[in-house]
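Chemist: Please find target.txt (compact mmCIF, C-alpha atoms) on the next line:
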# COMPACT_ATOMS: atom_id res chain seq x y z
CA MET A 922 3.39 13.64 -13.63
CA GLY A 923 7.17 13.81 -13.66
CA GLU A 924 9.36 13.28 -16.68
CA GLY A 925 11.27 10.12 -17.50
CA GLN A 926 10.49 6.49 -16.89
CA LEU A 927 7.87 5.74 -14.25
CA ARG A 928 9.45 3.85 -11.35
CA ILE A 929 7.21 2.57 -8.58
CA CYS A 930 8.54 1.07 -5.37
CA VAL A 931 5.96 -0.85 -3.33
CA ILE A 932 6.91 -1.32 0.30
CA GLY A 933 4.98 -3.22 2.97
CA ASP A 934 4.39 -6.65 4.43
CA GLU A 935 3.68 -9.98 2.71
CA LEU A 936 0.35 -8.75 1.31
CA THR A 937 2.24 -6.44 -1.05
CA ALA A 938 4.04 -9.54 -2.36
CA GLY A 939 0.79 -11.43 -2.98
CA THR A 940 1.39 -14.22 -0.47
CA GLY A 941 -1.38 -16.79 -0.82
CA ASP A 942 -2.30 -15.91 -4.40
CA ALA A 943 -2.09 -19.01 -6.60
CA ARG A 944 -1.58 -16.77 -9.64
CA GLY A 945 1.26 -14.89 -7.97
CA LEU A 946 -0.17 -11.50 -8.87
CA GLY A 947 -1.37 -10.15 -5.54
CA TRP A 948 -3.08 -6.79 -5.59
CA VAL A 949 -0.04 -5.05 -7.05
CA GLY A 950 0.01 -7.20 -10.18
CA ARG A 951 -3.74 -6.80 -10.64
CA VAL A 952 -3.54 -3.04 -10.24
CA MET A 953 -0.69 -2.71 -12.73
CA ALA A 954 -2.57 -4.92 -15.20
CA ARG A 955 -5.33 -2.28 -15.13
CA THR A 956 -2.92 0.64 -15.54
CA THR A 957 -1.78 1.98 -18.90
CA THR A 958 1.35 4.15 -18.98
CA GLU A 959 2.99 5.82 -21.98
CA GLU A 960 6.17 3.83 -21.43
CA PRO A 961 6.54 0.51 -19.57
CA ALA A 962 6.72 1.18 -15.84
CA PHE A 963 9.34 -0.34 -13.57
CA VAL A 964 7.70 -1.79 -10.47
CA ALA A 965 9.75 -3.07 -7.53
CA GLN A 966 7.89 -4.99 -4.81
CA LEU A 967 9.98 -4.64 -1.66
CA ALA A 968 8.06 -6.69 0.90
CA VAL A 969 9.15 -7.91 4.32
CA PRO A 970 6.75 -10.39 5.98
CA GLY A 971 5.25 -9.31 9.29
CA GLU A 972 6.81 -5.87 9.17
CA SER A 973 5.77 -3.08 11.53
CA SER A 974 5.57 0.56 10.52
CA THR A 975 8.67 1.20 12.65
CA ALA A 976 10.74 -1.27 10.63
CA LEU A 977 9.21 0.04 7.41
CA SER A 978 10.15 3.63 8.19
CA ALA A 979 13.72 2.55 8.95
CA ARG A 980 14.35 0.79 5.64
CA TRP A 981 12.25 2.37 2.90
CA GLU A 982 14.63 5.14 1.88
CA THR A 983 17.73 2.98 1.55
CA GLU A 984 15.94 0.33 -0.50
CA CYS A 985 14.02 2.73 -2.73
CA ARG A 986 16.93 5.05 -3.43
CA ARG A 987 18.68 2.17 -5.20
CA ARG A 988 15.72 1.76 -7.56
CA PHE A 989 14.91 5.41 -8.17
CA GLY A 990 16.77 7.51 -10.70
CA ALA A 991 17.77 11.16 -10.80
CA HIS A 992 15.77 11.73 -13.98
CA THR A 993 12.88 9.31 -13.54
CA ASP A 994 9.31 9.74 -12.28
CA ASN A 995 9.74 8.16 -8.85
CA ARG A 996 6.67 6.96 -6.94
CA LEU A 997 6.24 5.19 -3.60
CA VAL A 998 3.33 2.90 -2.72
CA ILE A 999 3.06 2.02 0.97
CA GLY A 1000 1.06 -1.10 1.85
CA LEU A 1001 0.36 -1.03 5.57
CA GLY A 1002 -0.46 -4.09 7.66
CA SER A 1003 -1.57 -4.83 11.19
CA THR A 1004 1.74 -5.89 12.75
CA ASP A 1005 1.82 -2.68 14.80
CA LEU A 1006 -1.04 -4.13 16.86
CA ASP A 1007 0.89 -7.37 17.47
CA GLU A 1008 3.91 -5.42 18.64
CA GLY A 1009 1.90 -3.15 20.93
CA LEU A 1010 2.80 0.09 19.16
CA SER A 1011 0.73 3.09 20.19
CA LEU A 1012 -1.41 4.88 17.61
CA ALA A 1013 0.81 7.92 18.09
CA ARG A 1014 3.90 5.88 17.17
CA SER A 1015 2.21 4.33 14.13
CA ARG A 1016 1.08 7.78 12.96
CA LEU A 1017 4.58 9.19 13.42
CA ASN A 1018 6.17 6.32 11.50
CA LEU A 1019 3.92 6.90 8.50
CA ALA A 1020 4.33 10.66 8.75
CA ASN A 1021 8.12 10.26 8.71
CA ILE A 1022 7.95 8.16 5.55
CA LEU A 1023 5.62 10.60 3.77
CA ASP A 1024 7.60 13.66 4.84
CA GLY A 1025 10.89 12.07 3.83
CA ALA A 1026 9.47 11.11 0.45
CA ALA A 1027 8.07 14.61 -0.09
CA ALA A 1028 11.47 16.11 0.68
CA SER A 1029 12.92 13.90 -2.08
CA ARG A 1030 10.07 14.81 -4.45
CA VAL A 1031 8.71 11.27 -4.41
CA SER A 1032 4.93 11.12 -4.69
CA CYS A 1033 3.19 8.61 -2.37
CA PHE A 1034 0.07 6.45 -2.41
CA VAL A 1035 -0.92 4.61 0.78
CA VAL A 1036 -2.93 1.39 1.08
CA GLY A 1037 -4.40 0.77 4.52
CA PRO A 1038 -4.47 -2.50 6.47
CA PRO A 1039 -7.28 -4.93 5.59
CA PRO A 1040 -9.13 -7.09 8.15
CA ARG A 1041 -7.07 -9.97 9.53
CA PRO A 1042 -8.16 -12.99 11.55
CA GLY A 1043 -6.96 -12.66 15.11
CA ALA A 1044 -6.61 -8.89 14.99
CA ASP A 1045 -8.93 -6.85 17.20
CA PRO A 1046 -11.31 -5.23 14.68
CA GLU A 1047 -11.82 -2.10 16.74
CA ALA A 1048 -8.08 -1.60 17.20
CA LEU A 1049 -7.49 -2.21 13.49
CA ALA A 1050 -10.26 0.23 12.57
CA ALA A 1051 -8.60 2.87 14.78
CA LEU A 1052 -5.20 2.16 13.22
CA SER A 1053 -6.60 2.52 9.71
CA GLN A 1054 -8.32 5.77 10.65
CA ALA A 1055 -5.09 7.10 12.13
CA TYR A 1056 -3.22 6.31 8.92
CA ALA A 1057 -6.00 7.92 6.87
CA ASP A 1058 -5.74 11.09 8.95
CA VAL A 1059 -1.98 11.32 8.44
CA CYS A 1060 -2.50 11.00 4.68
CA GLN A 1061 -5.36 13.50 4.56
CA ARG A 1062 -3.26 16.13 6.34
CA ARG A 1063 -0.58 15.70 3.67
CA HIS A 1064 -2.95 15.40 0.70
CA VAL A 1065 -1.71 11.88 -0.02
CA PRO A 1066 -4.23 9.42 -1.51
CA TYR A 1067 -5.28 6.67 0.90
CA ALA A 1068 -7.01 3.44 -0.05
CA GLU A 1069 -9.18 2.41 2.90
CA THR A 1070 -9.43 -1.38 2.89
CA PHE A 1071 -10.52 -2.23 6.42
CA GLU A 1072 -14.03 -0.78 6.52
CA PRO A 1073 -15.11 -1.99 3.04
CA LEU A 1074 -13.88 -5.52 3.82
CA ARG A 1075 -14.77 -5.64 7.52
CA THR A 1076 -18.00 -7.57 6.92
CA HIS A 1077 -17.37 -8.60 3.31
CA GLU A 1078 -18.33 -12.27 3.06
CA GLN A 1079 -16.16 -13.00 0.01
CA TRP A 1080 -13.06 -11.54 1.69
CA HIS A 1081 -13.48 -13.56 4.86
CA ALA A 1082 -14.36 -16.74 2.97
CA ASP A 1083 -11.30 -16.36 0.74
CA VAL A 1084 -8.96 -15.91 3.71
CA ALA A 1085 -10.53 -18.88 5.49
CA ALA A 1086 -10.20 -21.06 2.40
CA GLY A 1087 -6.45 -20.46 2.24
CA ASP A 1088 -4.04 -20.54 5.15
CA GLY A 1089 -6.45 -18.65 7.39
CA THR A 1090 -4.30 -15.52 7.34
CA HIS A 1091 -3.79 -14.45 3.73
CA PRO A 1092 -6.34 -13.98 0.96
CA GLY A 1093 -6.35 -15.86 -2.32
CA GLN A 1094 -7.23 -14.68 -5.80
CA ALA A 1095 -10.65 -13.30 -4.85
CA GLY A 1096 -9.32 -11.39 -1.87
CA TYR A 1097 -6.47 -9.82 -3.80
CA GLY A 1098 -8.96 -8.91 -6.51
CA LEU A 1099 -10.99 -7.03 -3.90
CA LEU A 1100 -7.90 -5.20 -2.64
CA ALA A 1101 -6.95 -4.27 -6.20
CA TRP A 1102 -10.45 -2.90 -6.84
CA LEU A 1103 -10.26 -0.73 -3.73
CA VAL A 1104 -6.86 0.65 -4.75
CA LEU A 1105 -8.01 1.36 -8.31
CA HIS A 1106 -11.07 3.21 -7.00
CA SER A 1107 -9.15 5.35 -4.50
CA GLY A 1108 -7.59 7.77 -6.96
CA TRP A 1109 -4.90 5.49 -8.37
CA HIS A 1110 -5.09 6.58 -12.00
CA ASP A 1111 -5.37 10.27 -11.09
CA TRP A 1112 -2.30 9.89 -8.86
CA LEU A 1113 -0.26 8.40 -11.68
CA GLY A 1114 -1.72 10.59 -14.41
CA ALA A 1115 -2.39 7.32 -16.23
CA GLU A 1116 -5.33 5.87 -18.10
CA PRO A 1117 -7.33 2.85 -16.93
CA ALA A 1118 -6.63 -0.21 -19.06
CA ALA A 1119 -9.23 -0.82 -21.74
Please go through the file and, once you have read it, give me the structure as structure tokens.
Modeler:
Amino acid sequence: MGEGQLRICVIGDELTAGTGDARGLGWVGRVMARTTTEEPAFVAQLAVPGESSTALSARWETECRRRFGAHTDNRLVIGLGSTDLDEGLSLARSRLNLANILDGAAASRVSCFVVGPPPRPGADPEALAALSQAYADVCQRRHVPYAETFEPLRTHEQWHADVAAGDGTHPGQAGYGLLAWLVLHSGWHDWLGAEPAA
């Protein structure tokens, strides 16, 4: 773990902002509530609704650089969605976009944690499974922790019921709780060098 204040930038689509959560926590708030750091962490949620990995790769550095410090422990959490499928991006392009983000962050000594795309109504499940696997492969090759959310939630009744009970696209409190659980159990605390909350 680096020295100085822990600063975490969370980039991604509206799921990283907790859209649809009546409590306004989303998975990010729930994860941080279960994370104990020596000093209070600074967490910036930099979400853009409906964002593709191409748009994400184009903006992350400019936005995060303004929040990171020269003498702080800078971390980047990347919450990936399924917009690439809507925009017809190839798997190769999606892989390259994520690789560019991870490689750029590594060059700036910013440690990354990636959260994969969960199931979404209207998205082809096989295409989304392939996209998630492609992202996982990019992370594995770079030894970056990856929270797989698609496969665990693919047939999860509570997830699908929670999405259906809301606006039909975004989860509510139960769904974000499931996402938070998956993140916390994908090496989150080891990545931060932090203790789970009591």
Chemist: In Å, how far is it from atom CA of A:Ile999 to atom CA of A:Leu967?
Modeler: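 It comes out at 10.0 Å.
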Chemist: Find the spatial neighbours of A:Gly933, counting all atoms listed in the file, within a cut-off of 8 Å - ignore same-chain residues fewer than 2 positions away - and output them as a list of chain:residue names.
Modeler: A:Val931, A:Glu935, A:Leu936, A:Thr937, A:Leu967, A:Ala968, A:Val969, A:Pro970, A:Glu972, A:Leu977, A:Ile999, A:Gly1000, A:Leu1001, A:Gly1002
Chemist: Quick one: of A:Pro1066, A:His1091, A:Val952, A:Pro1038, who's nearest to A:Gln1054, counting all atoms listed in the file?
Modeler: A:Pro1038
Chemist: I'd like the neighbourhood of A:Ser978 as a VMD selection string, where a residue qualifies if any of its atoms comes within 8 Å (using only C-alpha atoms), though same-chain residues fewer than 5 positions away should be ignored.
Modeler: chain A and resid 1018 to 1019 1021 to 1022
Chemist: Between A:Val1059, A:Val998, A:Ala1044, A:Ala1050, which has the minimum distance to A:Ala1020 (counting all atoms listed in the file)?
Modeler: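 Distance minimum relative to A:Ala1020 lands on A:Val1059.
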Chemist: From the set A:Pro1073, A:Pro1117, A:Gly1108, A:Pro1092, which residue has the shortest atom-to-atom contact distance to A:Leu946, counting only C-alpha atoms?
Modeler: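 Using only C-alpha atoms, A:Leu946 sits closest to A:Pro1092.
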Chemist: Restricting the calculation to only C-alpha atoms, which member of A:Ala1095, A:Val949, A:Ala1048, A:Ala1118 is positioned closest to A:Gly1009?
Modeler: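 Under the stated criterion, the closest residue is A:Ala1048.
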Chemist: Compile the contact shell of A:Asp1058 as a list of chain:residue names: residues with an atom at most 12 Å away, counting all atoms listed in the file, same-chain residues fewer than 5 positions apart removed.
Modeler: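 The filter keeps A:Leu1012, A:Ala1013, A:Ser1015, A:Arg1016, A:Leu1017, A:Leu1019, A:Ala1020, A:Val1035, A:Gly1037, A:Ala1051, A:Leu1052, A:Ser1053, A:Arg1063, A:His1064, A:Val1065, A:Pro1066, A:Tyr1067, A:Ala1068, A:Glu1069.
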Chemist: Taking all atoms listed in the file into account, which of A:Asp942, A:Glu959, A:Glu924, A:Asp1045 comes nearest A:Arg996?
Modeler: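 The answer is A:Glu924, which sits nearest to A:Arg996.
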Chemist: Determine the nearest neighbour of A:Arg1041 from the options A:Thr956, A:Thr1070, A:Gln1061, A:Ser1011, counting only C-alpha atoms.
Modeler: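 Closest to A:Arg1041, using only C-alpha atoms: A:Thr1070.
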Chemist: What are the centre and edge lengths in Å, to one decimal, of the axis-aligned box around all listed atoms of stretch 1037-1048 of chain A with 3 Å added on each side, as JSON?
Modeler:
{"center_x": -8.1, "center_y": -6.1, "center_z": 10.9, "size_x": 13.4, "size_y": 19.8, "size_z": 18.7}
Chemist: Considering all atoms listed in the file, return as number ranges by chain whatever protein or nucleic-acid residues lie within 10 Å of A:Pro961, sequence-local ones (same chain, fewer than 5 positions apart) excluded.
Modeler: A: 926-928
Chemist: Would you mind reading off the distance between atom CA of A:Gly1043 and atom CA of A:Gly1098, one decimal, in Å?
Modeler: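 The value is 22.0 Å.
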Chemist: Work out how far atom CA of A:Leu1105 is from atom CA of A:Ser1032, in Å to one decimal.
Modeler: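 Taking atom CA of A:Ser1032 as the start and atom CA of A:Leu1105 as the end point, the length is 16.6 Å.
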Chemist: Take stretch 1033-1046 of chain A, bring it up to N, CA, C and O atoms, and give me the output as a PDB file, in the frame of the given file.
Modeler:
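selection14.pdb written:
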ATOM      1  N   CYS A1033       3.589   9.824  -3.094  1.00  0.00           N
ATOM      2  CA  CYS A1033       3.190   8.610  -2.370  1.00  0.00           C
ATOM      3  C   CYS A1033       1.710   8.271  -2.546  1.00  0.00           C
ATOM      4  O   CYS A1033       0.873   9.152  -2.737  1.00  0.00           O
ATOM      5  N   PHE A1034       1.435   6.982  -2.444  1.00  0.00           N
ATOM      6  CA  PHE A1034       0.070   6.450  -2.410  1.00  0.00           C
ATOM      7  C   PHE A1034       0.069   5.407  -1.302  1.00  0.00           C
ATOM      8  O   PHE A1034       0.943   4.540  -1.255  1.00  0.00           O
ATOM      9  N   VAL A1035      -0.910   5.488  -0.389  1.00  0.00           N
ATOM     10  CA  VAL A1035      -0.920   4.610   0.780  1.00  0.00           C
ATOM     11  C   VAL A1035      -2.129   3.673   0.739  1.00  0.00           C
ATOM     12  O   VAL A1035      -3.252   4.106   0.463  1.00  0.00           O
ATOM     13  N   VAL A1036      -1.880   2.399   1.011  1.00  0.00           N
ATOM     14  CA  VAL A1036      -2.930   1.390   1.080  1.00  0.00           C
ATOM     15  C   VAL A1036      -3.032   0.933   2.530  1.00  0.00           C
ATOM     16  O   VAL A1036      -2.062   0.453   3.109  1.00  0.00           O
ATOM     17  N   GLY A1037      -4.205   1.085   3.110  1.00  0.00           N
ATOM     18  CA  GLY A1037      -4.400   0.770   4.520  1.00  0.00           C
ATOM     19  C   GLY A1037      -4.492  -0.714   4.807  1.00  0.00           C
ATOM     20  O   GLY A1037      -4.624  -1.535   3.888  1.00  0.00           O
ATOM     21  N   PRO A1038      -4.440  -1.084   6.069  1.00  0.00           N
ATOM     22  CA  PRO A1038      -4.470  -2.500   6.470  1.00  0.00           C
ATOM     23  C   PRO A1038      -5.871  -3.101   6.325  1.00  0.00           C
ATOM     24  O   PRO A1038      -6.844  -2.518   6.797  1.00  0.00           O
ATOM     25  N   PRO A1039      -5.980  -4.264   5.691  1.00  0.00           N
ATOM     26  CA  PRO A1039      -7.280  -4.930   5.590  1.00  0.00           C
ATOM     27  C   PRO A1039      -7.580  -5.731   6.857  1.00  0.00           C
ATOM     28  O   PRO A1039      -6.704  -5.900   7.712  1.00  0.00           O
ATOM     29  N   PRO A1040      -8.811  -6.234   6.989  1.00  0.00           N
ATOM     30  CA  PRO A1040      -9.130  -7.090   8.150  1.00  0.00           C
ATOM     31  C   PRO A1040      -8.229  -8.309   8.176  1.00  0.00           C
ATOM     32  O   PRO A1040      -7.818  -8.806   7.125  1.00  0.00           O
ATOM     33  N   ARG A1041      -7.929  -8.789   9.384  1.00  0.00           N
ATOM     34  CA  ARG A1041      -7.070  -9.970   9.530  1.00  0.00           C
ATOM     35  C   ARG A1041      -7.585 -10.814  10.679  1.00  0.00           C
ATOM     36  O   ARG A1041      -7.862 -10.280  11.764  1.00  0.00           O
ATOM     37  N   PRO A1042      -7.721 -12.116  10.457  1.00  0.00           N
ATOM     38  CA  PRO A1042      -8.160 -12.990  11.550  1.00  0.00           C
ATOM     39  C   PRO A1042      -7.206 -12.867  12.745  1.00  0.00           C
ATOM     40  O   PRO A1042      -5.990 -12.822  12.577  1.00  0.00           O
ATOM     41  N   GLY A1043      -7.772 -12.762  13.913  1.00  0.00           N
ATOM     42  CA  GLY A1043      -6.960 -12.660  15.110  1.00  0.00           C
ATOM     43  C   GLY A1043      -6.639 -11.242  15.534  1.00  0.00           C
ATOM     44  O   GLY A1043      -6.180 -11.019  16.657  1.00  0.00           O
ATOM     45  N   ALA A1044      -6.862 -10.294  14.639  1.00  0.00           N
ATOM     46  CA  ALA A1044      -6.610  -8.890  14.990  1.00  0.00           C
ATOM     47  C   ALA A1044      -7.898  -8.272  15.530  1.00  0.00           C
ATOM     48  O   ALA A1044      -8.979  -8.489  14.981  1.00  0.00           O
ATOM     49  N   ASP A1045      -7.781  -7.520  16.597  1.00  0.00           N
ATOM     50  CA  ASP A1045      -8.930  -6.850  17.200  1.00  0.00           C
ATOM     51  C   ASP A1045      -9.506  -5.874  16.176  1.00  0.00           C
ATOM     52  O   ASP A1045      -8.839  -4.920  15.772  1.00  0.00           O
ATOM     53  N   PRO A1046     -10.753  -6.090  15.734  1.00  0.00           N
ATOM     54  CA  PRO A1046     -11.310  -5.230  14.680  1.00  0.00           C
ATOM     55  C   PRO A1046     -11.408  -3.767  15.071  1.00  0.00           C
ATOM     56  O   PRO A1046     -11.190  -2.886  14.233  1.00  0.00           O
TER      57      PRO A1046
END
